[in-house]
Number of protein chains: 2
Amino acid sequence: MQTRLYEFSGTTSDVGGWQVTSSHPIIGDGLVPVAGLDIQPMEGEPPSNAPARAFVLRGIRSNERYIKADERADLVRVQADLGRGDATCASLIPIRKSPAWWALAQDERRAIMEEQSHHIAIGARYLPAIARRLFHCRDLLEPFDFLTWFEFAPEHAGAFDDLLGRLRETHEWSYIDREVELRLVRPPAV
Amino acid sequence: MQTRLYEFSGTTSDVGGWQVTSSHPIIGDGLVPVAGLDIQPMEGEPPSNAPARAFVLRGIRSNERYIKADERADLVRVQADLGRGDATCASLIPIRKSPAWWALAQDERRAIMEEQSHHIAIGARYLPAIARRLFHCRDLLEPFDFLTWFEFAPEHAGAFDDLLGRLRETHEWSYIDREVELRLVRPPAV
């Protein structure tokens, strides 16, 4: 069985994969500047020729925490996979939510996230252009609670900015106490 | 900040804490027989005089995944803390749920767990006699998904048997593909 655990390593040299074009803090502290980002499933030993790593963030693919079955069915019908040849732009958004958020009961968090903030519905409007994958890290005792990875073609960069802007205006975002935004590009697939 | 991560170590010798009186599989494989159980927060290095460990299970205290705010308020009003002097009996129940369970959306899991199986309501009937604490381990890539720890006085051992019997009859339990039951005792607190 393939592992669900991944490492996102910021590398000091651009090693031919995802190249980091910008990295800046949105809320709280940023991350150290890096040239590249290497994303690998954590299986076995790291390769001995791995580039120098300025930071390593770990995240795990896990079960859904909020989405309802009908909402998920709607998303699955339209969403795109990662790795599309023309999706040469990406963004990594590590976030941490406040202790006040985590102290809420499940129904309270769901109500803030969706009924008040429409997080799932907002994301759905940008499908299939903006592909998205969520990694959990709070229970790995990492510095962030979530890593969200987005991929899109260059012509959808404006739509992605719009998506981020809408999410950051929500009530849910008032519970976020650290957020960093990395933007990345890679060469088109041959 | 105190860690949320704990180690449950089965020890081959009884070292004066919780003594294991029985350990048997309910669904799937059991655990190797042990004489004692040592429960420690994972902070710093293990002590150099730690007893030989036959197994180590790790679990993390985490946010609530299903309980609603009003249900939680009802529980908090009546539940007891761990560590009561007369709670000299305990049980550790490691369980794993099936891939079919984890593939369900949040509302589907909640409906099976509570609206159909009354898991929270059943547990509430045994408060404050049976104190309970849940540790999560699925996203730590452990062999089990949850470790539940129960403490009670010897005169409530029958009530605890009754609680386990009721839970194991539920529809939720049909999604459990491994379950082990350990029973433990300790000397009364002086």
# chains A, B, ... in the order shown; residues from 1 in each chain; ligands from 1

call {"tool": "residues_around", "arguments": {"residues": "region 117-122 of chain B", "least_positions_apart": "6", "cutoff": "7 Å", "atoms": "only C-alpha atoms", "output": "list in words"}}
result
Leu167, Thr170, His171 and Glu172 of chain B

call {"tool": "write_last_selection", "arguments": {"atoms": "N, CA and C atoms", "output": "mmCIF file, in the first residue's frame"}}
result
data_model
loop_
_atom_site.group_PDB
_atom_site.id
_atom_site.type_symbol
_atom_site.label_atom_id
_atom_site.label_comp_id
_atom_site.auth_asym_id
_atom_site.auth_seq_id
_atom_site.Cartn_x
_atom_site.Cartn_y
_atom_site.Cartn_z
ATOM 1 N N LEU B 167 -21.961 -1.471 22.612
ATOM 2 C CA LEU B 167 -21.253 -0.878 21.468
ATOM 3 C C LEU B 167 -20.999 -1.924 20.377
ATOM 4 N N THR B 170 -23.642 -2.569 17.701
ATOM 5 C CA THR B 170 -24.085 -1.473 16.829
ATOM 6 C C THR B 170 -23.669 -1.680 15.367
ATOM 7 N N HIS B 171 -24.364 -0.959 14.498
ATOM 8 C CA HIS B 171 -23.998 -0.955 13.080
ATOM 9 C C HIS B 171 -22.585 -0.390 12.891
ATOM 10 N N GLU B 172 -22.218 0.601 13.680
ATOM 11 C CA GLU B 172 -20.863 1.168 13.573
ATOM 12 C C GLU B 172 -19.811 0.069 13.697
#

call {"tool": "residues_around", "arguments": {"residues": "Ala90 (chain A)", "least_positions_apart": "6", "cutoff": "12 Å", "atoms": "only C-alpha atoms", "output": "PDB file with C-alpha atoms, in the first residue's frame"}}
result
ATOM      1  CA  GLY A  17      11.210  20.319 -10.680  1.00  0.00           C
ATOM      2  CA  TRP A  18       9.010  23.002  -9.146  1.00  0.00           C
ATOM      3  CA  GLN A  19      10.778  26.361  -9.033  1.00  0.00           C
ATOM      4  CA  VAL A  20       9.679  28.783  -6.314  1.00  0.00           C
ATOM      5  CA  THR A  21       8.914  32.216  -7.785  1.00  0.00           C
ATOM      6  CA  SER A  22       7.717  33.813  -4.540  1.00  0.00           C
ATOM      7  CA  LEU A  37      10.327  22.615  -3.839  1.00  0.00           C
ATOM      8  CA  LEU A  82      -2.890  16.887 -10.301  1.00  0.00           C
ATOM      9  CA  GLY A  83      -0.146  16.550 -12.882  1.00  0.00           C
ATOM     10  CA  ARG A  84      -1.934  17.914 -15.996  1.00  0.00           C
ATOM     11  CA  ALA A 129      -9.297  24.958 -13.631  1.00  0.00           C
ATOM     12  CA  ILE A 130      -7.742  24.975 -10.153  1.00  0.00           C
ATOM     13  CA  ALA A 131      -6.828  21.460  -8.973  1.00  0.00           C
ATOM     14  CA  ARG A 132      -6.384  21.139  -5.226  1.00  0.00           C
ATOM     15  CA  ARG A 133      -5.067  18.586  -2.751  1.00  0.00           C
ATOM     16  CA  THR A 148      -2.860  22.857   0.510  1.00  0.00           C
ATOM     17  CA  TRP A 149      -1.348  22.308  -2.917  1.00  0.00           C
ATOM     18  CA  PHE A 150      -2.912  23.904  -6.001  1.00  0.00           C
ATOM     19  CA  GLU A 151      -2.086  23.382  -9.703  1.00  0.00           C
ATOM     20  CA  PHE A 152      -3.335  25.415 -12.667  1.00  0.00           C
ATOM     21  CA  ALA A 153      -2.420  26.611 -16.148  1.00  0.00           C
ATOM     22  CA  PRO A 154      -0.881  30.111 -16.469  1.00  0.00           C
ATOM     23  CA  HIS A 156      -5.929  30.663 -14.714  1.00  0.00           C
ATOM     24  CA  ALA A 157      -3.509  32.544 -12.449  1.00  0.00           C
ATOM     25  CA  PHE A 160      -6.493  31.558  -8.497  1.00  0.00           C
ATOM     26  CA  ASP A 161      -5.812  35.042  -7.068  1.00  0.00           C
ATOM     27  CA  GLU A 181       1.869  31.636   0.285  1.00  0.00           C
ATOM     28  CA  LEU A 182       4.391  30.068  -2.077  1.00  0.00           C
ATOM     29  CA  ARG A 183       4.031  30.387  -5.847  1.00  0.00           C
ATOM     30  CA  LEU A 184       5.768  27.967  -8.181  1.00  0.00           C
ATOM     31  CA  VAL A 185       6.290  27.163 -11.837  1.00  0.00           C
ATOM     32  CA  ARG A 186       7.637  24.201 -13.745  1.00  0.00           C
ATOM     33  CA  PRO A 187       8.519  23.595 -17.387  1.00  0.00           C
TER      34      PRO A 187
END

call {"tool": "interface_residues", "arguments": {"of": "chain A", "to": "chain B", "cutoff": "6 Å", "atoms": "only C-alpha atoms", "output": "PyMOL selection string"}}
result
chain A and resi 63+65-69+102+105-107

call {"tool": "closest_residue", "arguments": {"among": "B:Val32, B:Leu75, B:Val180, B:Ala87", "to": "Thr11 (chain B)", "atoms": "only C-alpha atoms"}}
result
B:Val32

call {"tool": "residues_around", "arguments": {"residues": "region 40-42 of chain B", "least_positions_apart": "2", "cutoff": "7 Å", "atoms": "only C-alpha atoms", "output": "VMD selection string"}}
result
chain B and resid 3 5 to 8 38 44

call {"tool": "write_last_selection", "arguments": {"atoms": "all heavy atoms", "output": "CSV table (one decimal), in the first residue's frame"}}
result
chain,number,residue,atom,x,y,z
B,3,THR,N,3.0,17.9,25.3
B,3,THR,CA,2.7,17.2,24.1
B,3,THR,C,1.3,16.5,24.2
B,3,THR,O,0.8,16.2,25.3
B,3,THR,CB,3.8,16.1,23.9
B,3,THR,OG1,3.5,15.5,22.6
B,3,THR,CG2,3.8,15.0,24.9
B,5,LEU,N,1.0,13.8,22.4
B,5,LEU,CA,1.3,12.4,21.9
B,5,LEU,C,1.8,11.5,23.0
B,5,LEU,O,2.6,11.9,23.8
B,5,LEU,CB,2.5,12.6,20.9
B,5,LEU,CG,2.9,11.4,20.1
B,5,LEU,CD1,1.8,10.8,19.2
B,5,LEU,CD2,4.1,11.7,19.2
B,6,TYR,N,1.2,10.3,23.0
B,6,TYR,CA,1.5,9.4,24.1
B,6,TYR,C,1.9,8.0,23.6
B,6,TYR,O,1.5,7.7,22.5
B,6,TYR,CB,0.2,9.2,25.0
B,6,TYR,CG,-0.1,10.3,25.8
B,6,TYR,CD1,-0.7,11.5,25.3
B,6,TYR,CD2,0.2,10.4,27.2
B,6,TYR,CE1,-1.0,12.6,26.1
B,6,TYR,CE2,-0.1,11.5,28.0
B,6,TYR,CZ,-0.7,12.6,27.4
B,6,TYR,OH,-0.9,13.7,28.2
B,7,GLU,N,2.7,7.3,24.4
B,7,GLU,CA,3.1,6.0,24.1
B,7,GLU,C,2.5,5.0,25.1
B,7,GLU,O,2.6,5.3,26.3
B,7,GLU,CB,4.7,5.8,24.2
B,7,GLU,CG,5.4,6.0,22.9
B,7,GLU,CD,6.9,5.8,23.1
B,7,GLU,OE1,7.3,5.4,24.2
B,7,GLU,OE2,7.6,5.9,22.1
B,8,PHE,N,1.9,4.0,24.6
B,8,PHE,CA,1.4,2.9,25.4
B,8,PHE,C,2.3,1.7,25.2
B,8,PHE,O,2.3,1.1,24.1
B,8,PHE,CB,0.0,2.5,25.0
B,8,PHE,CG,-1.0,3.6,25.3
B,8,PHE,CD1,-1.1,4.8,24.5
B,8,PHE,CD2,-2.0,3.5,26.3
B,8,PHE,CE1,-2.0,5.8,24.7
B,8,PHE,CE2,-2.9,4.5,26.5
B,8,PHE,CZ,-2.9,5.6,25.8
B,38,ASP,N,2.8,0.6,30.4
B,38,ASP,CA,3.3,1.9,30.8
B,38,ASP,C,2.8,3.0,29.8
B,38,ASP,O,3.0,2.8,28.6
B,38,ASP,CB,4.9,1.8,30.7
B,38,ASP,CG,5.5,3.0,31.3
B,38,ASP,OD1,5.1,3.5,32.4
B,38,ASP,OD2,6.5,3.5,30.7
B,44,GLY,N,11.0,14.3,25.1
B,44,GLY,CA,12.4,14.0,25.3
B,44,GLY,C,12.7,12.6,25.1
B,44,GLY,O,12.0,11.8,24.5

call {"tool": "atom_distance", "arguments": {"atom1": "CA of Ser174 (chain A)", "atom2": "CA of Glu115 (chain A)"}}
result
15.3 Å

call {"tool": "atom_distance", "arguments": {"atom1": "CA of Gln116 (chain B)", "atom2": "CA of Ile176 (chain B)"}}
result
15.4 Å

call {"tool": "residues_around", "arguments": {"residues": "Val78 (chain B)", "least_positions_apart": "4", "cutoff": "8 Å", "atoms": "only C-alpha atoms", "output": "list of chain:residue names"}}
result
B:Asp74, B:Leu127, B:Pro128

call {"tool": "write_last_selection", "arguments": {"atoms": "all heavy atoms", "output": "mmCIF file, in the first residue's frame"}}
result
data_model
loop_
_atom_site.group_PDB
_atom_site.id
_atom_site.type_symbol
_atom_site.label_atom_id
_atom_site.label_comp_id
_atom_site.auth_asym_id
_atom_site.auth_seq_id
_atom_site.Cartn_x
_atom_site.Cartn_y
_atom_site.Cartn_z
ATOM 1 N N ASP B 74 -23.261 18.308 27.540
ATOM 2 C CA ASP B 74 -23.902 17.310 28.417
ATOM 3 C C ASP B 74 -22.859 16.367 29.033
ATOM 4 O O ASP B 74 -22.927 16.034 30.211
ATOM 5 C CB ASP B 74 -24.919 16.475 27.625
ATOM 6 C CG ASP B 74 -26.169 17.279 27.286
ATOM 7 O OD1 ASP B 74 -26.381 18.350 27.897
ATOM 8 O OD2 ASP B 74 -26.925 16.841 26.395
ATOM 9 N N LEU B 127 -21.568 7.402 32.534
ATOM 10 C CA LEU B 127 -20.836 8.474 33.226
ATOM 11 C C LEU B 127 -21.533 8.747 34.562
ATOM 12 O O LEU B 127 -22.752 8.622 34.633
ATOM 13 C CB LEU B 127 -20.827 9.749 32.386
ATOM 14 C CG LEU B 127 -20.090 9.655 31.055
ATOM 15 C CD1 LEU B 127 -20.224 10.972 30.290
ATOM 16 C CD2 LEU B 127 -18.614 9.324 31.256
ATOM 17 N N PRO B 128 -20.778 9.140 35.579
ATOM 18 C CA PRO B 128 -19.321 9.321 35.611
ATOM 19 C C PRO B 128 -18.557 8.040 35.953
ATOM 20 O O PRO B 128 -17.341 8.095 36.055
ATOM 21 C CB PRO B 128 -19.141 10.356 36.713
ATOM 22 C CG PRO B 128 -20.249 10.039 37.680
ATOM 23 C CD PRO B 128 -21.410 9.552 36.842
#

call {"tool": "atom_distance", "arguments": {"atom1": "CA of Asn49 (chain A)", "atom2": "CA of His24 (chain A)"}}
result
28.4 Å

call {"tool": "select_by_dssp", "arguments": {"residues": "region 35-184 of chain B", "states": "strand (DSSP E or B)", "output": "PyMOL selection string"}}
result
chain B and resi 36-41+53-60+89-97+131-136+146-152+176-184
